[in-house]
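Q: Here's a structure for you.
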Amino acid sequence: MVNLKINDMDVMAEEGQTVLEACQFYGIDVPTLCYNEGLSPYGGCRLCVVEIGEGRSAKLVTSCTYPVSEGLVVRTRTRRVDRARRMVIELLLARCHTSKTLQDLASQYGVEKVRFSLKNDDCILCGLCVRMCKEQMMADAIGFVDRGKDMKITTPYNAKSDVCRRCGGCMYICPVCSARCQGPDTKDALCNGCLNMQPTCLESYDDAQCFMSEGNCGTCVREKAKEGGNKGV
Amino acid sequence: MMKIRDTSELEKYRKNVLEHRDAGHRWISLCVGTGCIATGAGRVAAALRRELEKANLKDVQVKETGCPGFCERGPLMVIHPQGILYQNVKPENAADIVKRTLKGGEVISELVYVDPSTDQHIELEKDIPFYSKQKRLILSNNPLVDPTSVEDYFAIGGYAALGKALGGMTPAQVIEEVKKAGLRGRGGAGFPTGVKWETTRRAHGRVKYVVCNADEGDPGAFMNRSVLEGNPHSVLEGMIIGAFAIGAREGYIYVRNEYPLAVKNATLAVQKARELGLLGTSILGSHFDFDINIVRGAGAFVCGEETALMASIEGKKGVPRQRPPFPSQEGLWGRPTNINNVETWANVPLIINKGAEWYSTIGSPSSKGTKIFALVGKIRNTGLVEVPLGTKLSDIIYGIGGGVPGERKLKAVQCGGPSGGMISAEHIDVPVDYEGLKKYGAMMGSGGLVVMDDSTCMVDIANYFLKFLLEESCGKCTTCREGIERMHELVTKITEGKATMDDLGLLEELATVVQDSTMCGLGNTAPNPVLTTLRYFRPEYEEHIKQKRCQAGVCRALITYWIDPKKCTGCGACAKKCPEEAISGRKKEAHTIDAKKCIRCGVCQATCKFGAVWRR
Amino acid sequence: MQMGETGVRERRALRPPEEPAESRIDEIIEKYGGERRWLINILFEIQTEYRYLPKKALEHLSFRMGIPLIDIYGIATFYKAFTLQPRGRHTVTVCLGTACHVRGSTGVLEELERELGICPGQTTPDQEFSLETVNCLGCCAQGPMVVVDEEYHGQMTPANVKPLLAVASKRV
């Protein structure tokens with residue numbers, strides 16, 4: 001067991017655990033995109049960054065890959081962390097704004113504008129599908145191809161795969177595919193629908209529904225749909 | 001070749017080599033590094049040999065050697081034993097050289113170096129200011145050896161350090177010596193080498209590796225190329241000593257694919273070392289076994305990053321991974337691995353031979369020893385320069401480099417490649433070492449110094465580096481992949497005169513986040529060109545945005561070419577060359593350029609013999 | 001490219017892209033003991049043999065070495081030294097390093113693009129020339145640098161491009 005500090009609390013974690021696992025154990029909320037408990041961590045989306053260390057040597061690292069160590073000092077919500085997370089969300093939205101997961105994150109972190117030109121891609125290159133295919137389904141049908149801005153996820157030669165078993169795992173795990181946001185009918189890339197409204201869920205429930213993981217509530221959206229205009233879910 | 005079985009046989013071998021050489025004999029050292037080959041050194045060598053054959057001068061030997069660094073004046077040759085240097089030698093000069101100099105004892109003044117500030121002819125290599133102002137502990141050996149000959153290396157004292165280390169020192173003593181010397185990694189990060197070796201030695205595990213990083217991807221840097229091409233055995237010797245100290249049995253030299261001659265020479269050197277028993281089992285009669293593999297890169301700048309490099313050696317994609325764990329603890333195949341730069345390894349035999357105390361007298365308090373810099377760009381004496389760390393940048397640029405050519409003024413020096421930063425002309429007196437440049441937001445990096453004058457646009461330079469990094473990013477991290485692309489979009493917008501001040505603000509915000517939250521060195525230093533050019537040349541950015549003007553006349557969208565009607569003779573030469581047929585006019589009458597068709601390629605200006613085409 | 005070249009060039013015959021022979025691929029794999037760590041070297045040898053990485057070669061490699069095809073394909077597309085399209089008889093490589101850029105390599109590249117009618121990474125329809133770019137050859141003092149078939153040419157200007165291509169195309 002190692003002793004470390006998270007948000008000024010003295011906590012303990014097992015040797016070999018990551019900072020994210022320690023945070024989740026203690027119920028400390030750290031947003032993730034490319035992380036999934038059942039797959040190996042990737043550290044690519046940069047959303048789960050936390051600030052470690054103190055003073056001049058403090059830096060941001062991805063909590064999903066960073067190992068716990070004795071005496072480590074971790075802070076999960078700081079100015080630096082939020083600034084980074086907001087920019088990551090903005091960059092990903094500019095790439096692919098039709099993901100409800102990203103739209104919810106935008107609302108949660110107060111991202112109110114996307115200042116980059118929209119790419120209208122349908123993939124954020126989080127690699128969950130690749131790892132799903134490789135590690136869970138042992139099929140190795142898809143993977144990362146090329147590098148840098150041309151990088152994409154596809155089959156060899158973009159051809160129909162012989163080894164794909166049509167399990168649907170890749171679609172299931174994809175944060176873009178799994179919950180497509182049809183909300184933004186506006187000019188901009190952001191819906192932020194819930195930001196402009198009172199969360200109607202609180203009229204019916206004791207706890208806010210929006211920020212619970214995998215929130216599929218959409219009561220705000222349903223309310224609007226009832227009023228008129230067919231936003232759908 | 002007989003295997004050398006112990007340290008006394010080592011010295012016997014050396015004695016044998018020296019006995020077969022006449023110290024006073026005449027020989028010609030001709031640089032055949034890749035740079036000089038590009039300007040025809042190969043043909044010069046052939047021509048020299050032909051002429052010597054014709055003149056029946058059998059005692060004169062032509063030795064094809066490594067790069068001495070005076071690249072601007074290549075092809076270069078030095079006639080020994082006098083030490084006469086001839087520059088810009090062409091194959092046609094060979095007959096003259098043989099007849100007049102070698103036979104007649106005359107120095108051909110047209111081939112001799114002329115000091116541009118004094119107009120003085122300087123015949124001897126050692127008197128040329130470019131050389132005399134340097135401290136060439138490593139580079140001085142390059143022109144003395146044929147890199148394909150291990151005997152040449154022995155003749156200059158090679159492998160004596162290995163004999164000393166294996167013959168009487170313990171691994172711990174070797175490490176102590178390197179620590180005391182204060183050698184720091186020459187690849188850029190400047191981590192204390194001795195400490196890294198010690199950490200790797202102490203790390204858990206019986207199997208360990210040493211690696212030489214010869215991926216030198218920084219555009220404008222070729223220090224490693226010249227050392228690995230020109231004197232590969234010096235690197236090998238350093239690695240063998242290091243492996244002995246660390247307890248490694250296998251080593252890798254990772255050479256980038258774009259250096260085929262370095263790959264060739266390193267491979268040959270390894271072969272010869274094996275033949276002599278300096279690589280293999282029971283080296284020099286000790287219990288130490290060690291061998292080296294040469295691995296080629298495959299066109300990825302990111303593989304210069306140590307974790308990506310290791311992934312590449314393992315046969316995978318060069319995608320960096322997080323540290324910790326550090327390579328010293330968990331490197332190749334999860335085993336402790338010590339990675340050092342070519343130049344770092346080349347410094348090791350020096351330290352062992354002459355001692356840490358001597359070594360630590362050279363350089364500055366924080367940075368010991370000498371460093372090789374690649375001086376390129378708008379500079380008179382382009383080439384490689386070796387000086388003690390802590391030397392002022394102005395001394396390098398003016399004293400050795402000869403300053404900026406033409407009537408131009410120095411604007412800035414870009415240090416450390418795409419990860420580095422700008423030192424603007426006002427700070428040119430900064431001492432160059434690991435710490436000195438940091439306060440200006442720059443870093444020494446691997447040693448590339450790109451000199452820029454007032455015809456260089458800083459926004460264009462920032463754009464250039466972003467474009468480079470965009471293609472080289474591995475693509476894993478959102479902030480790097482998307483971030484660099486968006487920064488590039490914004491800077492391009494600025495060069496096209498389409499940006500607003502809000503865009504500049506967004507650029508700065510984005511640059512800060514990319515720097516803060518990206519995992520590897522490529523990503524988190526990617527914003528440096530932007531941030532440092534903004535820091536010192538902000539007015540230039542604002543001018544592009546507010547006045548839509550490019551002071552240096554580089555950004556295509558913001559410049560126009562026009563023909564001065566007073567100077568134009570109407571010859572029509574430019575119109576013929578114009579790829580867009582944008583120039584029109586009647587014969588013998590002043591021509592005009594249609595700005596809407598003009599793509600600003602500049603061919604018209606290059607063609608005009610009357611100086612009538614202008615750019616503004 | 002050898003040191004001390006004598007000026008006599010060997011004639012290289014242009015073979016049309018051929019079907020890779022499985023036996024040849026097996027030979028190359030054997031040379032490296034079938035070890036995963038030499039995968040990149042193996043790919044280089046295949047590319048030297050066939051002027052590119054043929055699909056059948058990669059499929060056979062995947063089968064023989066037990067590496068998923070997507071992994072091999074990923075590596076082949078990640079590293080820019082590899083090409084999945086057959087290269088032309090002559091390869092023209094322009095250096096876009098900083099020193100060459102500052103000395104005007106952009107103009108040289110543009111002239112080459114105009115003359116050949118292709119972009120970097122492409123091959124002319126008659127299979128004669130392939131145009132590539134590289135991010136630093138390490139000959140920064142002689143920039144702008146262009147390499148044609150392993151022969152280095154320094155101090156290139158847009159004006160030198162046409163004569164350079166003319167000389168190159170005469171070579172077989």
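Going by the structure tokens order, chains are called A, B, ..., each with residues numbered from 1, while ligands are numbered from 1 in the order shown.
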May I ask you to extract the residues of chain C within 9 Å of chain B, using only C-alpha atoms, and to give them as a PyMOL selection string?
A: chain C and resi 1-7+35-41+44+71-72+74-76+78-82+96-103+107+110+114+134-143+145+147+151-155+158-159
Q: Starting from chain B, keep only residues with some atom at most 8 Å from an atom of chain A, counting only C-alpha atoms, and report them as a PyMOL selection string.
A: chain B and resi 322+324+470-479+481-483+485-486+510+513+516-519
Q: At a cut-off of 8 Å, list the chain A residues touching chain C, using only C-alpha atoms, as an MDAnalysis selection string.
A: chainID A and resid 140:147 155:157
Q: Which residues come within 10 Å of region 99-116 of chain B, counting only C-alpha atoms, excluding same-chain residues fewer than 4 positions away, as JSON, numbers by chain?
A: {"B": [26, 27, 51, 52, 55, 57, 60, 73, 76, 79, 84, 85, 86, 87, 88, 89, 90, 93, 94, 95, 120, 121, 122, 123, 124, 125, 128, 129, 130, 380, 402]}
Q: Pull N, CA and C atoms from the residues just selected and write them as a PDB file, in the first residue's frame.
A:
ATOM      1  N   ARG B  26      53.667  12.078 -46.777  1.00  0.00           N
ATOM      2  CA  ARG B  26      52.689  13.004 -47.319  1.00  0.00           C
ATOM      3  C   ARG B  26      51.368  12.288 -47.552  1.00  0.00           C
ATOM      4  N   TRP B  27      50.336  12.939 -47.124  1.00  0.00           N
ATOM      5  CA  TRP B  27      49.011  12.391 -47.434  1.00  0.00           C
ATOM      6  C   TRP B  27      48.020  13.525 -47.513  1.00  0.00           C
ATOM      7  N   GLU B  51      45.455  11.637 -61.177  1.00  0.00           N
ATOM      8  CA  GLU B  51      46.590  12.523 -61.418  1.00  0.00           C
ATOM      9  C   GLU B  51      47.841  12.048 -60.698  1.00  0.00           C
ATOM     10  N   LEU B  52      47.655  11.529 -59.473  1.00  0.00           N
ATOM     11  CA  LEU B  52      48.808  11.024 -58.723  1.00  0.00           C
ATOM     12  C   LEU B  52      49.409   9.834 -59.441  1.00  0.00           C
ATOM     13  N   ALA B  55      51.335  11.037 -62.396  1.00  0.00           N
ATOM     14  CA  ALA B  55      52.603  11.680 -62.028  1.00  0.00           C
ATOM     15  C   ALA B  55      53.543  10.730 -61.312  1.00  0.00           C
ATOM     16  N   LEU B  57      53.445   9.570 -58.337  1.00  0.00           N
ATOM     17  CA  LEU B  57      53.746   9.935 -56.947  1.00  0.00           C
ATOM     18  C   LEU B  57      53.152   8.878 -56.034  1.00  0.00           C
ATOM     19  N   VAL B  60      52.345   9.496 -52.023  1.00  0.00           N
ATOM     20  CA  VAL B  60      51.267  10.350 -51.514  1.00  0.00           C
ATOM     21  C   VAL B  60      49.962   9.565 -51.453  1.00  0.00           C
ATOM     22  N   ARG B  73      32.800  25.489 -47.312  1.00  0.00           N
ATOM     23  CA  ARG B  73      33.935  25.536 -48.236  1.00  0.00           C
ATOM     24  C   ARG B  73      34.242  24.187 -48.869  1.00  0.00           C
ATOM     25  N   LEU B  76      36.602  19.912 -49.324  1.00  0.00           N
ATOM     26  CA  LEU B  76      37.747  20.397 -48.568  1.00  0.00           C
ATOM     27  C   LEU B  76      38.875  19.385 -48.567  1.00  0.00           C
ATOM     28  N   ILE B  79      46.516  19.074 -47.038  1.00  0.00           N
ATOM     29  CA  ILE B  79      47.714  18.345 -47.439  1.00  0.00           C
ATOM     30  C   ILE B  79      48.636  18.251 -46.235  1.00  0.00           C
ATOM     31  N   ILE B  84      48.317  22.284 -45.274  1.00  0.00           N
ATOM     32  CA  ILE B  84      47.766  23.287 -46.181  1.00  0.00           C
ATOM     33  C   ILE B  84      46.322  22.927 -46.519  1.00  0.00           C
ATOM     34  N   LEU B  85      45.422  23.910 -46.383  1.00  0.00           N
ATOM     35  CA  LEU B  85      44.020  23.643 -46.662  1.00  0.00           C
ATOM     36  C   LEU B  85      43.626  24.231 -48.015  1.00  0.00           C
ATOM     37  N   TYR B  86      42.974  23.431 -48.833  1.00  0.00           N
ATOM     38  CA  TYR B  86      42.389  23.913 -50.081  1.00  0.00           C
ATOM     39  C   TYR B  86      40.875  23.778 -49.976  1.00  0.00           C
ATOM     40  N   GLN B  87      40.169  24.832 -50.429  1.00  0.00           N
ATOM     41  CA  GLN B  87      38.712  24.828 -50.298  1.00  0.00           C
ATOM     42  C   GLN B  87      38.052  24.817 -51.666  1.00  0.00           C
ATOM     43  N   ASN B  88      36.752  24.461 -51.682  1.00  0.00           N
ATOM     44  CA  ASN B  88      35.954  24.433 -52.916  1.00  0.00           C
ATOM     45  C   ASN B  88      36.708  23.761 -54.053  1.00  0.00           C
ATOM     46  N   VAL B  89      37.311  22.618 -53.739  1.00  0.00           N
ATOM     47  CA  VAL B  89      38.144  21.946 -54.733  1.00  0.00           C
ATOM     48  C   VAL B  89      37.269  21.266 -55.785  1.00  0.00           C
ATOM     49  N   LYS B  90      37.628  21.439 -57.051  1.00  0.00           N
ATOM     50  CA  LYS B  90      36.876  20.770 -58.111  1.00  0.00           C
ATOM     51  C   LYS B  90      37.768  19.716 -58.752  1.00  0.00           C
ATOM     52  N   ASN B  93      40.742  20.805 -60.636  1.00  0.00           N
ATOM     53  CA  ASN B  93      41.925  21.336 -59.942  1.00  0.00           C
ATOM     54  C   ASN B  93      42.968  20.257 -59.662  1.00  0.00           C
ATOM     55  N   ALA B  94      42.577  18.997 -59.800  1.00  0.00           N
ATOM     56  CA  ALA B  94      43.456  17.916 -59.349  1.00  0.00           C
ATOM     57  C   ALA B  94      44.830  17.954 -60.023  1.00  0.00           C
ATOM     58  N   ALA B  95      44.818  18.161 -61.346  1.00  0.00           N
ATOM     59  CA  ALA B  95      46.103  18.159 -62.071  1.00  0.00           C
ATOM     60  C   ALA B  95      47.035  19.228 -61.524  1.00  0.00           C
ATOM     61  N   GLN B 120      43.035  38.512 -46.355  1.00  0.00           N
ATOM     62  CA  GLN B 120      44.317  37.810 -46.244  1.00  0.00           C
ATOM     63  C   GLN B 120      44.164  36.365 -46.701  1.00  0.00           C
ATOM     64  N   HIS B 121      45.164  35.857 -47.417  1.00  0.00           N
ATOM     65  CA  HIS B 121      45.174  34.449 -47.797  1.00  0.00           C
ATOM     66  C   HIS B 121      45.735  33.651 -46.627  1.00  0.00           C
ATOM     67  N   ILE B 122      45.007  32.675 -46.150  1.00  0.00           N
ATOM     68  CA  ILE B 122      45.503  31.866 -45.034  1.00  0.00           C
ATOM     69  C   ILE B 122      45.714  30.449 -45.531  1.00  0.00           C
ATOM     70  N   GLU B 123      46.983  30.020 -45.554  1.00  0.00           N
ATOM     71  CA  GLU B 123      47.310  28.742 -46.173  1.00  0.00           C
ATOM     72  C   GLU B 123      47.098  27.552 -45.252  1.00  0.00           C
ATOM     73  N   LEU B 124      47.427  27.738 -43.967  1.00  0.00           N
ATOM     74  CA  LEU B 124      47.391  26.582 -43.083  1.00  0.00           C
ATOM     75  C   LEU B 124      46.060  26.468 -42.375  1.00  0.00           C
ATOM     76  N   GLU B 125      45.590  25.215 -42.318  1.00  0.00           N
ATOM     77  CA  GLU B 125      44.301  24.926 -41.684  1.00  0.00           C
ATOM     78  C   GLU B 125      44.250  25.501 -40.275  1.00  0.00           C
ATOM     79  N   ILE B 128      43.288  29.236 -39.787  1.00  0.00           N
ATOM     80  CA  ILE B 128      42.009  29.779 -40.233  1.00  0.00           C
ATOM     81  C   ILE B 128      41.127  30.064 -39.026  1.00  0.00           C
ATOM     82  N   PRO B 129      40.628  31.308 -38.887  1.00  0.00           N
ATOM     83  CA  PRO B 129      39.860  31.686 -37.693  1.00  0.00           C
ATOM     84  C   PRO B 129      38.680  30.749 -37.412  1.00  0.00           C
ATOM     85  N   PHE B 130      38.034  30.251 -38.486  1.00  0.00           N
ATOM     86  CA  PHE B 130      36.913  29.334 -38.269  1.00  0.00           C
ATOM     87  C   PHE B 130      37.345  28.175 -37.389  1.00  0.00           C
ATOM     88  N   ARG B 380      27.683  33.240 -42.889  1.00  0.00           N
ATOM     89  CA  ARG B 380      28.763  33.083 -43.869  1.00  0.00           C
ATOM     90  C   ARG B 380      29.381  31.705 -43.824  1.00  0.00           C
ATOM     91  N   GLY B 402      31.417  34.097 -38.896  1.00  0.00           N
ATOM     92  CA  GLY B 402      31.644  35.132 -39.893  1.00  0.00           C
ATOM     93  C   GLY B 402      30.473  36.067 -40.084  1.00  0.00           C
TER      94      GLY B 402
END
Q: Could you write out, as a list in words, all the residues of region 104-268 of chain B that DSSP marks as strand (DSSP E)?
A: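 These are the residues in question: Tyr113, Val114, His121, Ile122, Tyr209, Val210, Val211, Cys212, Asn213, Ala214, Glu250, Gly251, Tyr252, Ile253, Tyr254 and Val255 of chain B.
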Q: Compare B:Thr492, B:Glu542, B:Met487, B:Lys438 by their minimum atom-to-atom distance to Gln515 (chain B), counting only C-alpha atoms, and give me the closest one.
A: B:Met487
Q: I'd like the interatomic distance between CA of Gly104 (chain C) and CA of Thr157 (chain C), to a tenth of an Å.
A: 7.7 Å
Q: Go ahead and compute the interatomic distance for CA of Ser62 (chain C) and CA of Leu332 (chain B), in Å to one decimal.
A: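 Taking CA of Ser62 (chain C) and CA of Leu332 (chain B), their separation equals 23.2 Å.
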